[in-house]
Amino acid sequence: MLNKKIADNEHLKRVVNVNINAEKVIITPDEIKQRLPVSEQAVDFIAQSRATIADIVTGKDPRKLAIVGPCSIHDIDAAKAFALGLRQLSETLNDELFIVMRVYFEKPRTTVGWKGLINDPYLNNSFEVEDGLLLARELLIWMAEMEIPVATEVLDPISPQYLSELISWAAIGARTSESQTHREMASGLSMPVGFKNGTDGSASAAINAMKAAASGHSFLGINQLGQVTLMETKGNPHGHVILRGGTTPNYQAADVAQYEKKLNAAGLNPYMVVDCSHGNSNKDHMRQPLVLADIVQQIVAGNESIVGFMLESHLHAGNQPVPDDLQTLKYGVSITDACIDWPTTEQCLVEAANQLRERDKVLSSIRNGVTF
Ligand SMILES: O=C[C@H](O)[C@H](O)COP(=O)(O)O
Ligand SMILES: C=C(OP(=O)(O)O)C(=O)O
């Protein structure tokens with residue numbers, strides 16, 4: 001045992017693992033995949049969803065990417081109820097919106113706090129990470145079988161080996177867009193990846209991340225057997241920026257134009273997703289519909305660089321702290337950032353799709369030579 005070796009060497013004990021309390025070996029990526037395999041039909045669905053998203057974020061598919069769902073997943077039943085509602089809505093709106101559910105299992109914290117279902121699935125600081133990975137994988141397999149595409153934030157550089165074949169779109173968050181580790185990871189991910197601007201609003205964090213992740217890299221990782229591995233990546237061709245605001249919002253037409261200019265100057269595709277939450281809503285969930293309405297207006301007025309948007313949405317509005325007595329947790333309410341509720345979500349998406357349809361009618365009339 002490694003620790004015994006260290007313990008036997010008194011001189012090493014003074015400098016090794018000084019701040020480590022315990023180590024626990026867990027299931028490998030290969031073992032989890034044997035336990036929870038994914039069907040060929042689910043793989044076909046994910047490959048197709050990724051291809052559609054890649055076409056949207058490179059301007060080839062004119063529909064808009066709608067990334068919608070809870071700030072974080074803490075209750076599997078509530079997540080499934082939300083997913084089924086979203087799937088139904090998607091059936092009627094998919095001529096204009098390609099709807100992908102936010103299924104966020106890993107939460108980056110400003111300081112400390114619950115770090116998500118993988119890290120602490122029982123919400124009680126027991127940190128049963130193996131159970132968290134199993135629960136996350138089970139939900140992702142269910143989602144793929146229900147044919148609901150999934151978006152997530154990739155935060156831990158090891159967890160993608162356990163789950164990533166089930167993900168159709170990934171985000172690198174505002175706190176990690178500047179991190180080399182995350183840029184390297186994104187360069188090897190198999191799905192389109194969005195990079196958020198920095199929490200202070202800085203565009204360069206996202207633009208440099210997009211540039212860095214488009215290149216190949218060599219770095220340390222783990223393989224499916226859990227062995228330390230030198231990874232050599234090809235680079236991710238489907239990176240894009242996500243405007244999430246900072247100390248002030250950055251979704252308005254002048255901000256979007258600035259991003260277009262900066263992306264063009266960096267020789268990158270000028271396509272972007274707008275996050276209607278976080279710095280763009282001043283963390284007030286009630287403002288998310290206003291942000292969405294503004295960007296849809298920009299698109300209707302001719303903007304072609306906004307390819308998608310993100311809404312933080314749950315079954316019920318607002319958020320709640322994690323109580324000591326988990327029996328008192330309110331069903332379908334976020335335990336991280338405040339979300340809009342399901343009726344508001346439905347209204348936002350239907351309204352956005354209707355406006356985009358009207359724009360299409362006008363555009364097609366113009367193409368057909370009809371004058372107004
Ligand atoms: O999206 C979620 C939060 O904004 C992010 O995880 C940071 O949360 P915190 O500032 O509450 O730690
Ligand atoms: C943490 C998130 O966002 P950001 O990185 O923009 O803060 C999120 O979308 O859950």
# chains A, B, ... in the order shown; residues from 1 in each chain; ligands from 1
>>> residues_near_ligand(ligand="ligand 2", cutoff="6 Å", atoms="only C-alpha atoms and all ligand atoms", output="list in words")
Cys71, Pro108, Gly173, Ala174, Arg175, Lys196, Arg244 and His278 of chain A
>>> residues_near_ligand(ligand="ligand 1", cutoff="10 Å", atoms="only C-alpha atoms and all ligand atoms", output="VMD selection string")
chain A and resid 70 to 72 104 106 to 116 153 173 to 175 199 277 to 279 283 312 335 to 338
>>> write_last_selection(atoms="N, CA and C atoms", output="compact mmCIF listing (two decimals), in the first residue's frame")
# COMPACT_ATOMS: atom_id res chain seq x y z
N PRO A 70 -32.56 23.03 -14.50
CA PRO A 70 -32.17 23.47 -13.16
C PRO A 70 -30.72 23.94 -13.07
N CYS A 71 -30.49 24.81 -12.11
CA CYS A 71 -29.11 25.24 -11.85
C CYS A 71 -28.28 24.01 -11.51
N SER A 72 -28.85 23.10 -10.72
CA SER A 72 -28.15 21.86 -10.38
C SER A 72 -29.18 20.77 -10.15
N TYR A 104 -26.85 19.60 -14.63
CA TYR A 104 -25.58 19.99 -14.02
C TYR A 104 -25.35 19.22 -12.72
N GLU A 106 -22.11 19.12 -11.33
CA GLU A 106 -20.90 19.63 -10.66
C GLU A 106 -21.03 21.14 -10.54
N LYS A 107 -20.95 21.67 -9.35
CA LYS A 107 -21.12 23.11 -9.15
C LYS A 107 -19.81 23.76 -8.68
N PRO A 108 -19.33 24.74 -9.46
CA PRO A 108 -18.16 25.49 -9.01
C PRO A 108 -18.63 26.51 -7.98
N ARG A 109 -18.01 26.64 -6.87
CA ARG A 109 -18.47 27.58 -5.84
C ARG A 109 -17.54 28.78 -5.76
N THR A 110 -18.13 29.92 -5.42
CA THR A 110 -17.33 31.14 -5.27
C THR A 110 -16.37 30.96 -4.08
N THR A 111 -16.87 30.38 -3.01
CA THR A 111 -15.99 30.02 -1.88
C THR A 111 -16.28 28.56 -1.51
N VAL A 112 -17.23 28.34 -0.65
CA VAL A 112 -17.59 26.95 -0.32
C VAL A 112 -19.10 26.78 -0.43
N GLY A 113 -19.53 25.54 -0.42
CA GLY A 113 -20.97 25.24 -0.56
C GLY A 113 -21.11 23.84 -1.14
N TRP A 114 -22.34 23.38 -1.27
CA TRP A 114 -22.60 22.05 -1.85
C TRP A 114 -22.05 22.04 -3.28
N LYS A 115 -21.27 21.01 -3.61
CA LYS A 115 -20.59 21.01 -4.91
C LYS A 115 -21.25 20.10 -5.95
N GLY A 116 -22.49 19.72 -5.65
CA GLY A 116 -23.23 19.00 -6.68
C GLY A 116 -23.43 17.53 -6.35
N GLU A 153 -22.02 21.16 -17.17
CA GLU A 153 -20.72 21.83 -16.99
C GLU A 153 -19.69 20.77 -16.66
N GLY A 173 -17.16 26.70 -17.16
CA GLY A 173 -17.78 27.79 -16.41
C GLY A 173 -16.91 29.05 -16.30
N ALA A 174 -17.56 30.10 -15.80
CA ALA A 174 -16.90 31.40 -15.68
C ALA A 174 -15.65 31.34 -14.78
N ARG A 175 -15.69 30.45 -13.79
CA ARG A 175 -14.56 30.37 -12.86
C ARG A 175 -13.41 29.55 -13.41
N THR A 199 -16.12 35.80 -14.42
CA THR A 199 -17.12 36.33 -13.47
C THR A 199 -17.05 37.86 -13.40
N SER A 277 -29.16 33.98 -17.31
CA SER A 277 -29.08 34.00 -15.85
C SER A 277 -27.74 34.64 -15.39
N HIS A 278 -27.30 34.32 -14.23
CA HIS A 278 -26.02 34.79 -13.67
C HIS A 278 -25.87 36.31 -13.79
N GLY A 279 -24.72 36.78 -14.28
CA GLY A 279 -24.51 38.23 -14.34
C GLY A 279 -25.49 38.92 -15.28
N LYS A 283 -28.53 37.85 -11.11
CA LYS A 283 -28.92 36.73 -10.25
C LYS A 283 -30.35 36.84 -9.74
N GLU A 312 -32.00 29.19 -16.54
CA GLU A 312 -31.98 28.35 -15.33
C GLU A 312 -33.42 28.24 -14.86
N ILE A 335 -31.53 24.12 -5.17
CA ILE A 335 -30.76 24.35 -3.93
C ILE A 335 -29.47 25.12 -4.23
N THR A 336 -29.34 25.58 -5.48
CA THR A 336 -28.21 26.48 -5.79
C THR A 336 -28.85 27.80 -6.29
N ASP A 337 -28.54 28.23 -7.51
CA ASP A 337 -29.11 29.53 -7.92
C ASP A 337 -30.63 29.47 -8.11
N ALA A 338 -31.29 30.59 -7.91
CA ALA A 338 -32.74 30.68 -8.10
C ALA A 338 -33.09 30.47 -9.58
>>> residues_around(residues="Asp131 (chain A)", least_positions_apart="2", cutoff="12 Å", atoms="only C-alpha atoms", output="ChimeraX atom specification")
/A:26-27,32,117-122,126-129,133-138
>>> write_last_selection(atoms="N, CA and C atoms", output="CSV table (one decimal), in the first residue's frame")
chain,number,residue,atom,x,y,z
A,26,ILE,N,-12.0,4.2,-5.8
A,26,ILE,CA,-13.3,4.0,-6.2
A,26,ILE,C,-13.4,3.3,-7.6
A,27,ILE,N,-14.6,3.0,-8.0
A,27,ILE,CA,-14.9,2.3,-9.3
A,27,ILE,C,-14.1,3.0,-10.4
A,32,ILE,N,-17.7,1.2,-14.3
A,32,ILE,CA,-19.0,1.8,-14.2
A,32,ILE,C,-19.7,1.6,-15.5
A,117,LEU,N,-24.3,16.9,-7.2
A,117,LEU,CA,-24.7,15.5,-6.9
A,117,LEU,C,-23.6,14.5,-6.9
A,118,ILE,N,-22.6,14.7,-7.8
A,118,ILE,CA,-21.5,13.7,-7.9
A,118,ILE,C,-20.7,13.8,-6.6
A,119,ASN,N,-20.4,15.0,-6.2
A,119,ASN,CA,-19.5,15.2,-5.0
A,119,ASN,C,-20.2,14.8,-3.7
A,120,ASP,N,-21.5,15.1,-3.6
A,120,ASP,CA,-22.2,14.8,-2.3
A,120,ASP,C,-23.7,14.5,-2.6
A,121,PRO,N,-23.9,13.3,-3.1
A,121,PRO,CA,-25.2,12.9,-3.6
A,121,PRO,C,-26.3,12.9,-2.5
A,122,TYR,N,-25.9,12.7,-1.2
A,122,TYR,CA,-26.9,12.6,-0.2
A,122,TYR,C,-27.1,14.0,0.6
A,126,SER,N,-21.5,13.6,3.2
A,126,SER,CA,-20.9,12.3,3.3
A,126,SER,C,-20.0,12.0,2.1
A,127,PHE,N,-20.1,12.8,1.1
A,127,PHE,CA,-19.2,12.8,-0.1
A,127,PHE,C,-19.0,11.4,-0.7
A,128,GLU,N,-20.2,10.7,-0.9
A,128,GLU,CA,-20.1,9.4,-1.5
A,128,GLU,C,-20.0,9.5,-3.0
A,129,VAL,N,-18.8,9.9,-3.5
A,129,VAL,CA,-18.6,10.2,-4.9
A,129,VAL,C,-18.9,9.0,-5.8
A,133,LEU,N,-21.5,9.3,-8.9
A,133,LEU,CA,-21.2,9.0,-10.3
A,133,LEU,C,-22.2,8.0,-10.8
A,134,LEU,N,-22.6,7.0,-10.0
A,134,LEU,CA,-23.6,6.0,-10.4
A,134,LEU,C,-24.9,6.6,-10.7
A,135,LEU,N,-25.4,7.5,-9.7
A,135,LEU,CA,-26.7,8.1,-9.9
A,135,LEU,C,-26.7,9.0,-11.1
A,136,ALA,N,-25.6,9.7,-11.3
A,136,ALA,CA,-25.5,10.6,-12.5
A,136,ALA,C,-25.6,9.8,-13.7
A,137,ARG,N,-24.8,8.8,-13.8
A,137,ARG,CA,-24.8,7.9,-15.0
A,137,ARG,C,-26.2,7.3,-15.3
A,138,GLU,N,-26.9,6.8,-14.2
A,138,GLU,CA,-28.2,6.3,-14.4
A,138,GLU,C,-29.2,7.3,-15.0
>>> residues_around(residues="region 351-357 of chain A", least_positions_apart="2", cutoff="12 Å", atoms="only C-alpha atoms", output="MDAnalysis selection string")
chainID A and resid 62:66 89:90 92:99 289:303 308:309 344:349 359:364
>>> residues_around(residues="region 204-213 of chain A", least_positions_apart="3", cutoff="6 Å", atoms="only C-alpha atoms", output="number ranges by chain")
A: 177-178, 183, 186-187, 195-198, 235-236, 239, 241
>>> write_last_selection(atoms="C-alpha atoms", output="PDB file, in the first residue's frame")
ATOM      1  CA  SER A 177     -12.495  29.428 -18.558  1.00  0.00           C
ATOM      2  CA  GLU A 178      -9.050  30.809 -17.720  1.00  0.00           C
ATOM      3  CA  ARG A 183      -8.965  24.302 -21.794  1.00  0.00           C
ATOM      4  CA  ALA A 186     -12.161  20.824 -23.626  1.00  0.00           C
ATOM      5  CA  SER A 187      -9.692  20.229 -26.458  1.00  0.00           C
ATOM      6  CA  PHE A 195     -16.799  28.862 -22.733  1.00  0.00           C
ATOM      7  CA  LYS A 196     -18.258  31.414 -20.358  1.00  0.00           C
ATOM      8  CA  ASN A 197     -16.845  34.882 -19.976  1.00  0.00           C
ATOM      9  CA  GLY A 198     -15.148  35.517 -16.617  1.00  0.00           C
ATOM     10  CA  GLY A 235      -8.519  20.095 -30.476  1.00  0.00           C
ATOM     11  CA  ASN A 236     -12.239  20.832 -30.326  1.00  0.00           C
ATOM     12  CA  GLY A 239     -16.005  25.812 -29.293  1.00  0.00           C
ATOM     13  CA  VAL A 241     -18.402  31.692 -26.248  1.00  0.00           C
TER      14      VAL A 241
END
>>> closest_residue(among="A:Asn280, A:Ile222, A:Leu263, A:Pro192", to="Thr58 (chain A)", atoms="only C-alpha atoms")
A:Pro192
>>> atom_distance(atom1="CA of Gln41 (chain A)", atom2="CA of Glu147 (chain A)")
9.5 Å
>>> select_by_dssp(residues="region 63-290 of chain A", states="strand (DSSP E)", output="PyMOL selection string")
chain A and resi 64-69+97-102+150-153+169-172+193-196+218-222+228-232+239-243+272-275
>>> closest_residue(among="A:Val273, A:Leu326, A:Met286, A:Ala266", to="Asp341 (chain A)", atoms="only C-alpha atoms")
A:Met286
